[in-house]
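A quick write-up on the structure given underneath.
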Amino acid sequence: MTKTYAITVRHSGGQERRGPVTMGQANMIRCMLRDEPEHINIHAVWPVPDGTPTESVIDALRALVVRHEALRTTFPHVPGEAPREQIVAAEGEFTVTVLDHAEHPPEGYADDVARGARVDRFHLDRDFGLRISLVAVAGVPLYVALAASHAVTDISALSVLEEDWRELLAGRALPEPTAFTPLDLAAEEATPRGLRRSEASLRHWERIIRTGPQAMFAEPGAVGTEVAAEQLTLRSLRGARALARVAERTGGLPSTVLLTAWCALVAHRAGQSSCVAAVPTSNRFLPRLARSVNTVSQDALLSLDVRVPSFDALLRTAWGAALNAYRHSQFDAVRLWEMIDAVTHERGSRFARDVVFNDVSALPAARSGEEAEAPELDVVRGPEQVLPTRVLTFVHETAPVLRLGMWVDPALFSPEEAEGFLTGIVRLLEAAATEDVPLAALTGVAGVRPVERGAGWSRVDGSWVSPPEVAEVLSGALGGAPVHVAVGGEGEEEGLTAFVACGDSPLTPAEAHGALMGALPGRPGVLAPRRYVIVRDAPARTDRTDAWLGQRILREGAGRDRRM
């Protein structure tokens with residue numbers, strides 16, 4: 001039997017303020033208005049220390065709200081438009097829902113409660129940014145289970161909140177906050193220095209999006225824009241020991257060593273010459289952002305060239321590549337997506353944020369400290385979650401135990417291959433702990449095999465592409481018109497050329513390109529041709545390029561506003 005009741009918590013003593021939203025808030029608000037709430041909202045579970053009364057839990061939560069302006073922030077806006085302003089309230093109230101059970105609920109219950117609170121959309125103009133439940137047994141609190149608006153916090157901010165909350169429960173006074181509040185950060189971003197940083201970030205992203213692979217996982221089976229993936233959690237004392245030894249042998253930071261191993265295996269498995277990954281939490285590398293309760297989770301975009309002979313050589317370049325990504329992780333999200341849309345239309349690609357590496361291990365609340373209970377090497381399966389990625393990895397802990405959470409596209413990784421990827425990271429670290437590892441030996445060392453795409457795939461303009469699929473998708477976008485797609489061409493740099501039989505319709509290259517671009521989402525193996533050749537009738541041999549070249553050409557061109 002469960003007794004459910006609500007506690008209304010009043011708070012006061014803050015300062016009322018208002019000002020523009022930050023770049024990170026604008027980015028997350030854009031996602032919140034576009035995406036399903038269960039995908040973009042976040043959640044956490046905080047175990048309550050033994051012997052803590054309900055009143056103390058509530059008092060500590062109230063103190064957090066007074067201390068951190070983000071928790072008192074709303075975003076007024078005109079219906080149909082994204083907010084541009086934030087208001088910090090001096091006082092107000094929030095609700096804690098108490099779920100008091102007669103008996104101890106099953107394992108994972110608190111996480112289910114928190115996850116369930118994500119499904120409803122936060123009203124930006126009026127809702128408190130946390131939905132808080134207190135799970136109790138016979139009046140004794142066990143867990144705080146909460147869902148959070150991504151407009152006011154991110155995963156790292158929730159970890160900071162948990163650490164502050166635990167300090168308050170222990171009766172320790174918190175030092176005066178020194179981290180940026182959201183309004184402080186907005187003011188800094190509007191300075192000439194902040195604007196220059198934003199411009200530099202846009203240039204960094206544009207270079208990668210123009211030249212890098214449009215998707216890391218462009219291969220048979222990679223379809224759709226969202227993936228229902230089961231959570232895998234690795235806990236390994238062996239992995240932590242090996243990671244420490246690699247760092248000692250090479251002089252690299254453990255976080256960089258782990259990122260290098262992960263990138264090497266992702267690129268190896270995907271058959272790519274570089275690893276392009278979003279690194280969301282790394283924009284907290286500035287001291288005044290490290291403990292900011294705010295949503296600063298704009299992606300840092302990492303591009304690491306893996307065309308080097310060995311692990312040590314890759315590690316030497318990884319730190320510079322990561323730092324370059326971190327430095328370019330503050331940007332105007334509206335202008336970023338305008339740039340991405342323009343560049344991808346011109347290139348004929350669709351930028352896929354399909355690989356994400358999120359390292360939260362530096363936050364104290366992320367560390368379990370349960371070395372005595374940790375296994376030498378273990379992978380356990382958890383709940384399924386729908387995600388807009390093909391590989392998502394969280395680094396929760398690197399010492400004394402290596403603890404990773406991972407979700408992978410089940411269409412690309414069998415259950416055994418998914419577990420093998422995680423254990424392969426440990427195997428690679430153990431091999432690199434004593435000596436350098438040739439990257440050509442990764443299959444044998446880590447037990448992770450590269451994908452086999454088959455003869456119908458080609459590397460074009462830095463991306464893996466299936467020309468037969470390009471022809472099929474373009475034909476479908478044009479109502480079934482006959483299409484042939486060829487790779488390369490005499491006197492041309494490598495690229496695709498599409499031959500289209502339009503019959504009596506006045507089809508233009510621009511119309512063909514626009515139709516294909518509209519069909520690209522969820523098809524990472526499709527890249528738009530550099531050139532469209534429009535003829536009236538298809539030849540008898542539709543599979544032969546020379547036969548299409550023998551037809552009378554009606555129109556031809558790139559189909560872009562700007563020629564590439």
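Ordering of the structure tokens sets the chain letters (A, B, ...); residue numbers start at 1 within each chain; ligands are numbered from 1 in the order shown.
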Find the residues around Ala300 (chain A) up to 6 Å (only C-alpha atoms counted), leave out those fewer than 5 positions away in its own chain, and share them as a tab-separated table (two decimals) with N, CA, C and O atoms, in the first residue's frame.
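As written to disk, selection32.tsv reads:
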chain	number	residue	atom	x	y	z
A	278	ALA	N	30.19	14.22	-30.55
A	278	ALA	CA	29.75	15.30	-29.67
A	278	ALA	C	30.21	14.98	-28.25
A	278	ALA	O	30.07	13.85	-27.79
A	279	VAL	N	30.76	16.00	-27.58
A	279	VAL	CA	31.26	15.83	-26.21
A	279	VAL	C	30.54	16.86	-25.35
A	279	VAL	O	31.05	17.95	-25.09
A	280	PRO	N	29.32	16.55	-24.87
A	280	PRO	CA	28.46	17.59	-24.30
A	280	PRO	C	28.96	18.28	-23.05
A	280	PRO	O	28.75	19.47	-22.90
A	325	ALA	N	38.17	21.28	-29.45
A	325	ALA	CA	36.72	21.14	-29.40
A	325	ALA	C	36.13	21.90	-28.22
A	325	ALA	O	35.13	22.61	-28.34
A	326	TYR	N	36.78	21.78	-27.04
A	326	TYR	CA	36.26	22.43	-25.83
A	326	TYR	C	36.24	23.96	-26.00
A	326	TYR	O	35.31	24.63	-25.55
A	329	SER	N	32.96	25.50	-27.95
A	329	SER	CA	31.68	24.90	-27.53
A	329	SER	C	30.69	25.94	-27.02
A	329	SER	O	29.69	25.59	-26.40
Open item on the list: If we count only C-alpha atoms and set the cut-off at 12 Å, which residues sit around Ala82 (chain A), ignoring sequence neighbours fewer than 6 positions away in its own chain? Please answer as a count of residues only.
Closed with: 18
- [ ] Identify, on the basis of only C-alpha atoms, every residue whose closest approach to region 335-338 of chain A does not exceed 9 Å; exclude the query and any residue fewer than 2 positions from it along the same chain; express the result as a ChimeraX atom specification.
- [x] /A:201-202,205-206,331-333,340-343
- [ ] Determine which residues of region 81-187 of chain A DSSP labels as strand (DSSP E) from the backbone of this structure, then write them out as number ranges by chain.
- [x] A: 85-88, 92-101, 130-137, 140-148
Task: Shell of 12 Å around Ala170 (chain A), only C-alpha atoms, local chain residues under 4 positions omitted, as a PyMOL selection string - done: chain A and resi 48-52+56-57+60+163-166+174
Open item on the list: Which residues are close to Ala244 (chain A), i.e. within 7 Å by only C-alpha atoms, leaving aside same-chain residues fewer than 4 positions away? Reply as a PyMOL selection string.
Closed with: chain A and resi 240+248+254
Take the selection from the previous step and output its residues with N, CA and C atoms, as a CSV table (one decimal), in the first residue's frame.
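Saved file part.csv follows:
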chain,number,residue,atom,x,y,z
A,240,ALA,N,40.0,0.1,-14.5
A,240,ALA,CA,40.5,1.2,-13.8
A,240,ALA,C,42.0,1.1,-13.6
A,248,GLU,N,50.1,6.5,-16.6
A,248,GLU,CA,51.5,6.6,-16.0
A,248,GLU,C,52.5,6.3,-17.0
A,254,PRO,N,44.2,10.5,-17.4
A,254,PRO,CA,43.3,9.4,-17.6
A,254,PRO,C,42.1,9.7,-18.4
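With only C-alpha atoms as the atoms that count, the minimum distance from Thr434 (chain A) to the choices A:Val246, A:Ala63, A:Leu520, A:Ala538 is reached by A:Val246.
Taking CA of Val401 (chain A) and CA of Leu323 (chain A) as the two end points, the separation is 25.5 Å.
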TODO: Mind checking which residues fall within 12 Å of Ser274 (chain A), counting only C-alpha atoms, ignoring those fewer than 4 positions away in the same chain, and posting them as a PyMOL selection string?
DONE: chain A and resi 208+211-217+260+263-270+302-308+314+318+321+462-463
Can those selected residues be exported to a file as an mmCIF file, in the first residue's frame so that it contains C-alpha atoms?
data_model
loop_
_atom_site.group_PDB
_atom_site.id
_atom_site.type_symbol
_atom_site.label_atom_id
_atom_site.label_comp_id
_atom_site.auth_asym_id
_atom_site.auth_seq_id
_atom_site.Cartn_x
_atom_site.Cartn_y
_atom_site.Cartn_z
ATOM 1 C CA ILE A 208 34.152 19.708 -39.623
ATOM 2 C CA THR A 211 34.852 17.971 -44.589
ATOM 3 C CA GLY A 212 34.144 15.223 -42.053
ATOM 4 C CA PRO A 213 31.886 12.193 -42.422
ATOM 5 C CA GLN A 214 28.216 13.169 -42.412
ATOM 6 C CA ALA A 215 27.625 10.227 -40.045
ATOM 7 C CA MET A 216 29.991 7.913 -38.172
ATOM 8 C CA PHE A 217 27.663 4.953 -38.654
ATOM 9 C CA THR A 260 41.445 8.067 -27.038
ATOM 10 C CA CYS A 263 37.529 7.054 -30.246
ATOM 11 C CA ALA A 264 39.952 4.452 -31.611
ATOM 12 C CA LEU A 265 37.393 1.668 -31.208
ATOM 13 C CA VAL A 266 34.448 3.719 -32.527
ATOM 14 C CA ALA A 267 36.366 4.682 -35.675
ATOM 15 C CA HIS A 268 37.702 1.105 -36.042
ATOM 16 C CA ARG A 269 34.226 -0.440 -35.713
ATOM 17 C CA ALA A 270 32.675 2.132 -38.094
ATOM 18 C CA LEU A 302 35.497 16.603 -31.570
ATOM 19 C CA SER A 303 37.209 15.502 -34.775
ATOM 20 C CA LEU A 304 40.093 13.095 -34.167
ATOM 21 C CA ASP A 305 42.036 11.786 -37.177
ATOM 22 C CA VAL A 306 42.866 8.120 -36.506
ATOM 23 C CA ARG A 307 45.190 7.723 -39.493
ATOM 24 C CA VAL A 308 48.216 7.270 -37.250
ATOM 25 C CA LEU A 314 46.780 8.878 -31.372
ATOM 26 C CA ALA A 318 43.874 13.541 -28.870
ATOM 27 C CA ALA A 321 41.907 17.824 -30.676
ATOM 28 C CA GLY A 462 34.745 12.008 -46.705
ATOM 29 C CA SER A 463 31.618 9.911 -46.139
#
Task: Of the listed residues A:Ala547, A:Ala138, A:Val144, A:Val66, that which approaches Val45 (chain A) most closely, counting only C-alpha atoms - done: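 Checking each of A:Ala547, A:Ala138, A:Val144, A:Val66 against Val45 (chain A), counting only C-alpha atoms, the winner is A:Val144.
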